[in-house]
file run_29.csv (CSV, C-alpha atoms)
chain,number,residue,atom,x,y,z
A,686,MET,CA,0.0,0.0,0.0
A,687,TYR,CA,2.8,2.4,0.8
A,688,LYS,CA,4.6,1.9,-2.5
A,689,SER,CA,1.4,2.3,-4.5
A,690,SER,CA,0.6,5.5,-2.7
A,691,SER,CA,4.1,6.8,-3.5
A,692,ARG,CA,3.8,6.1,-7.2
A,693,SER,CA,0.4,7.8,-7.3
A,694,ALA,CA,1.9,11.0,-5.8
A,695,LYS,CA,4.7,11.0,-8.4
A,696,GLU,CA,2.1,10.6,-11.1
A,697,ILE,CA,0.4,13.7,-9.9
A,698,ILE,CA,3.4,15.9,-9.1
A,699,VAL,CA,5.3,15.4,-12.3
A,700,PRO,CA,2.6,16.7,-14.6
A,701,LEU,CA,2.0,19.7,-12.3
A,702,VAL,CA,5.7,20.5,-12.3
A,703,LEU,CA,5.8,20.3,-16.1
A,704,LEU,CA,2.7,22.4,-16.3
A,705,ALA,CA,4.2,25.0,-14.0
A,706,MET,CA,7.4,25.1,-16.1
A,707,ALA,CA,5.3,25.5,-19.3
A,708,CYS,CA,3.4,28.3,-17.8
A,709,ALA,CA,6.6,30.0,-16.7
A,710,VAL,CA,8.1,29.8,-20.2
A,711,LEU,CA,4.9,31.1,-21.8
A,712,LEU,CA,4.8,34.0,-19.2
A,713,TYR,CA,8.4,34.8,-20.0
A,714,ILE,CA,7.8,34.8,-23.8
A,715,SER,CA,4.7,36.9,-23.3
A,716,ASN,CA,6.5,39.4,-21.1
A,717,ARG,CA,9.4,39.7,-23.6
A,718,ILE,CA,6.9,40.4,-26.5
A,719,THR,CA,5.1,42.9,-24.4
A,720,GLN,CA,8.2,44.7,-23.4
A,721,GLU,CA,9.5,44.8,-26.9
A,722,LYS,CA,6.2,46.2,-28.1
A,723,ILE,CA,6.3,48.9,-25.4
A,724,SER,CA,9.9,49.8,-26.3
A,725,ALA,CA,9.0,50.0,-30.0
A,726,ASN,CA,6.1,52.2,-29.3
A,727,ALA,CA,8.1,54.5,-27.0
A,728,ARG,CA,10.9,54.7,-29.7
A,729,ALA,CA,8.3,55.6,-32.4
A,730,LEU,CA,6.8,58.3,-30.2
A,731,GLN,CA,10.1,59.9,-29.4
A,732,LEU,CA,11.2,59.7,-33.0
A,733,GLY,CA,8.0,61.5,-34.0
A,734,ILE,CA,8.8,64.2,-31.5
A,735,ILE,CA,12.4,64.6,-32.7
A,736,ASN,CA,11.3,64.7,-36.4
A,737,SER,CA,8.8,67.4,-35.6
A,738,VAL,CA,11.7,69.9,-35.5
A,739,MET,CA,13.7,68.2,-38.2
A,740,PRO,CA,11.7,68.7,-41.5
A,741,LEU,CA,14.8,68.5,-43.7
A,742,PRO,CA,15.3,65.3,-45.7
A,743,HIS,CA,17.6,62.8,-44.1
A,744,ASN,CA,18.2,59.0,-44.5
A,745,ASN,CA,20.1,58.0,-41.4
A,746,GLN,CA,18.6,56.4,-38.3
A,747,LEU,CA,18.1,59.6,-36.5
A,748,TYR,CA,17.1,58.0,-33.2
A,749,ASP,CA,20.4,56.1,-33.0
A,750,ASP,CA,22.7,58.8,-34.3
A,751,TYR,CA,23.3,61.1,-31.3
A,752,ILE,CA,25.8,62.4,-28.8
A,753,GLU,CA,25.3,63.8,-25.3
A,754,VAL,CA,26.8,67.1,-24.2
A,755,PHE,CA,27.1,68.8,-20.8
A,756,GLU,CA,27.8,72.5,-21.1
A,757,PRO,CA,26.5,74.4,-18.1
A,758,GLY,CA,27.9,77.6,-19.6
A,759,TYR,CA,25.3,77.3,-22.4
A,760,PHE,CA,22.5,75.1,-21.0
A,761,ARG,CA,20.6,75.3,-17.7
A,762,ASN,CA,20.3,71.5,-17.7
A,763,PRO,CA,21.4,69.7,-14.6
A,764,ASP,CA,22.1,66.7,-16.8
A,765,LYS,CA,23.2,66.2,-20.4
A,766,VAL,CA,21.5,67.5,-23.6
A,767,ILE,CA,21.0,64.9,-26.2
A,768,VAL,CA,21.9,66.0,-29.7
A,769,PHE,CA,20.4,63.9,-32.5
A,770,ARG,CA,22.2,64.3,-35.8
A,771,ALA,CA,20.4,64.2,-39.1
A,772,ARG,CA,22.4,63.2,-42.2
A,773,MET,CA,21.8,62.6,-45.9
A,774,ASP,CA,24.1,60.0,-47.4
A,775,ASP,CA,26.5,60.6,-44.5
A,776,GLN,CA,26.5,64.4,-45.0
A,777,PRO,CA,25.3,66.5,-42.1
A,778,VAL,CA,21.9,68.1,-42.4
A,779,GLY,CA,21.1,69.4,-39.0
A,780,VAL,CA,20.5,68.6,-35.3
A,781,ALA,CA,17.7,68.2,-32.9
A,782,MET,CA,18.6,69.1,-29.3
A,783,MET,CA,16.6,67.9,-26.3
A,784,PRO,CA,15.8,68.7,-23.7
A,785,VAL,CA,17.1,72.2,-23.5
A,786,PHE,CA,16.0,73.9,-20.3
A,787,ALA,CA,14.7,77.4,-20.3
A,788,LYS,CA,13.9,79.5,-17.2
A,789,GLY,CA,10.1,79.6,-16.7
A,790,TYR,CA,7.9,81.4,-14.2
A,791,ASN,CA,6.9,78.3,-12.3
A,792,SER,CA,9.8,75.9,-13.1
A,793,ASN,CA,12.2,75.0,-15.9
A,794,ILE,CA,10.7,74.7,-19.4
A,795,GLN,CA,12.0,71.8,-21.5
A,796,LEU,CA,12.5,72.7,-25.2
A,797,LEU,CA,13.2,70.7,-28.3
A,798,ILE,CA,15.3,72.8,-30.8
A,799,GLY,CA,16.0,71.9,-34.4
A,800,ILE,CA,18.9,73.6,-36.1
A,801,ALA,CA,20.0,73.3,-39.8
A,802,PHE,CA,23.6,72.6,-40.6
A,803,ASP,CA,24.2,76.3,-41.5
A,804,GLY,CA,23.0,77.4,-38.0
A,805,THR,CA,19.4,78.4,-39.0
A,806,LEU,CA,16.7,77.5,-36.6
A,807,LEU,CA,14.3,75.0,-38.1
A,808,MET,CA,11.8,74.9,-35.3
A,809,VAL,CA,11.4,75.2,-31.6
A,810,ARG,CA,8.9,73.3,-29.5
A,811,ALA,CA,8.1,73.3,-25.8
A,812,ILE,CA,7.9,69.6,-24.8
A,813,LYS,CA,7.3,70.0,-21.1
A,814,HIS,CA,6.4,73.0,-18.9
A,815,ASN,CA,4.3,74.0,-15.8
A,816,GLU,CA,3.5,77.6,-17.0
A,817,THR,CA,0.3,79.3,-16.0
A,818,GLU,CA,-2.7,78.5,-18.1
A,819,GLY,CA,-3.7,81.4,-20.3
A,820,LEU,CA,-0.3,83.1,-19.8
A,821,GLY,CA,3.0,81.3,-20.0
A,822,ASP,CA,1.4,78.2,-21.5
A,823,GLN,CA,1.1,80.1,-24.8
A,824,ILE,CA,4.6,78.9,-25.6
A,825,ASP,CA,2.8,75.7,-26.6
A,826,HIS,CA,2.5,75.8,-30.4
A,827,ASN,CA,-1.0,74.4,-30.2
A,828,LYS,CA,-2.1,77.4,-28.2
A,829,SER,CA,-0.4,80.3,-30.0
A,830,ASP,CA,2.0,81.0,-32.8
A,831,TRP,CA,4.5,82.8,-30.6
A,832,ILE,CA,7.1,80.0,-30.6
A,833,ASN,CA,7.0,79.7,-34.4
A,834,ARG,CA,8.7,83.1,-34.5
A,835,PHE,CA,12.1,81.4,-34.1
A,836,SER,CA,11.9,79.4,-37.3
A,837,GLY,CA,14.3,80.8,-39.9
A,838,LEU,CA,16.3,82.9,-37.5
A,839,SER,CA,20.0,82.5,-36.9
A,840,LEU,CA,22.9,84.4,-35.3
A,841,ASP,CA,23.8,85.6,-38.8
A,842,ASN,CA,20.5,87.2,-39.7
A,843,MET,CA,19.7,88.7,-36.3
A,844,SER,CA,22.3,90.5,-34.1
A,845,PRO,CA,22.8,89.3,-30.5
A,846,GLU,CA,21.3,92.5,-29.0
A,847,TYR,CA,18.0,91.8,-30.7
A,848,TRP,CA,17.6,88.4,-29.0
A,849,SER,CA,15.3,89.7,-26.3
A,850,VAL,CA,11.8,91.0,-25.8
A,851,LYS,CA,10.8,94.4,-27.2
A,852,SER,CA,10.6,95.9,-23.8
A,853,ASP,CA,14.3,95.1,-23.4
A,854,GLY,CA,15.2,96.6,-26.7
A,855,GLY,CA,14.9,93.3,-28.7
A,856,LYS,CA,12.8,92.1,-31.6
A,857,PHE,CA,10.5,89.6,-29.9
A,858,ASP,CA,7.0,90.3,-28.7
A,859,GLN,CA,6.6,89.0,-25.2
A,860,LEU,CA,3.7,86.8,-24.2
A,861,SER,CA,1.1,88.9,-22.4
A,862,GLY,CA,1.6,88.6,-18.7
A,863,ALA,CA,4.5,86.2,-19.1
A,864,THR,CA,7.7,88.2,-19.5
A,865,ILE,CA,9.8,85.8,-17.5
A,866,THR,CA,8.7,82.9,-19.6
A,867,SER,CA,9.3,84.9,-22.8
A,868,ARG,CA,12.8,85.9,-21.7
A,869,GLY,CA,13.7,82.4,-20.6
A,870,VAL,CA,12.8,80.8,-23.9
A,871,ILE,CA,14.5,83.4,-26.0
A,872,ASN,CA,17.7,83.2,-24.0
A,873,ALA,CA,17.7,79.4,-24.1
A,874,VAL,CA,17.3,79.4,-27.9
A,875,ARG,CA,20.0,82.0,-28.4
A,876,LYS,CA,22.5,80.2,-26.1
A,877,SER,CA,21.8,77.0,-28.0
A,878,LEU,CA,22.6,78.7,-31.3
A,879,GLU,CA,25.8,80.1,-29.8
A,880,TYR,CA,26.8,76.6,-28.6
A,881,TYR,CA,26.0,75.1,-32.0
A,882,LYS,CA,28.0,77.7,-33.9
A,883,LEU,CA,31.1,77.2,-31.8
A,884,ASN,CA,30.9,73.4,-31.7
A,885,ARG,CA,29.3,72.5,-35.0
A,886,ASP,CA,32.1,70.3,-36.4
A,887,ARG,CA,32.5,68.5,-33.1
A,888,LEU,CA,28.8,67.8,-32.9
A,889,TYR,CA,28.8,65.9,-36.2
call {"tool": "encode", "arguments": {"input": "run_29.csv", "output": "structure tokens"}}
result
Amino acid sequence: MYKSSSRSAKEIIVPLVLLAMACAVLLYISNRITQEKISANARALQLGIINSVMPLPHNNQLYDDYIEVFEPGYFRNPDKVIVFRARMDDQPVGVAMMPVFAKGYNSNIQLLIGIAFDGTLLMVRAIKHNETEGLGDQIDHNKSDWINRFSGLSLDNMSPEYWSVKSDGGKFDQLSGATITSRGVINAVRKSLEYYKLNRDRLY
């Protein structure tokens, strides 16, 4: 009776162990597939954001072609700025810098800045901010055209003294009720252009 009972237990336990192992394998495979899908979606989303300021034709893998820079003399960032480099047949086309921190009224504003090879601004976008609704949040291109004013500008076609709001003697309109925000964004964009001009060859 004892031996018969022992064999019966084994007959029950072995299939359960095999079933548990099969479930573990299936769970692992499912998790890998899910994680890969999540990573692919995140990559596609970020690439779409980067391409939003890089309208120039390029045929390199922009998401994978980048360097990281840490230059506190030009950027407010506590960490590095990622510089994505666009190329056409291995020839430099432009860069997309993110995030570039600008001084805001409530906290730092994170910008994405596209610059053509010759130093001309392609586009500037605010990708994260905590500015006041109806005032500083007008830096969002979906809420006003103010930030589109930067497109086409460069250090060559506008003198340094004009990179400020009109009340400070510059050429830029300030957002109504959001002078600190306006100044912060303008300054961050100008400093980014200065850094790019001095380091263009190294960046590519």
call {"tool": "residues_near_point", "arguments": {"input": "run_29.csv", "point": "(30.5, 70.1, -31.2)", "cutoff": "12 Å", "atoms": "all atoms listed in the file", "output": "MDAnalysis selection string"}}
result
chainID A and resid 751:756 767:770 780 802 877:889
call {"tool": "atom_distance", "arguments": {"input": "run_29.csv", "atom1": "CA of Ile735 in chain A", "atom2": "CA of Gly837 in chain A"}}
result
17.8 Å
call {"tool": "atom_distance", "arguments": {"input": "run_29.csv", "atom1": "CA of Asp750 in chain A", "atom2": "CA of Gly869 in chain A"}}
result
28.7 Å
call {"tool": "closest_residue", "arguments": {"input": "run_29.csv", "among": "A:Leu712, A:Val778, A:Val870, A:Val785", "to": "Asp803 in chain A", "atoms": "all atoms listed in the file"}}
result
A:Val778
call {"tool": "residues_around", "arguments": {"input": "run_29.csv", "residues": "Asn872 in chain A", "least_positions_apart": "5", "cutoff": "9 Å", "atoms": "all atoms listed in the file", "output": "PyMOL selection string"}}
result
chain A and resi 787-788+848-849+867+877
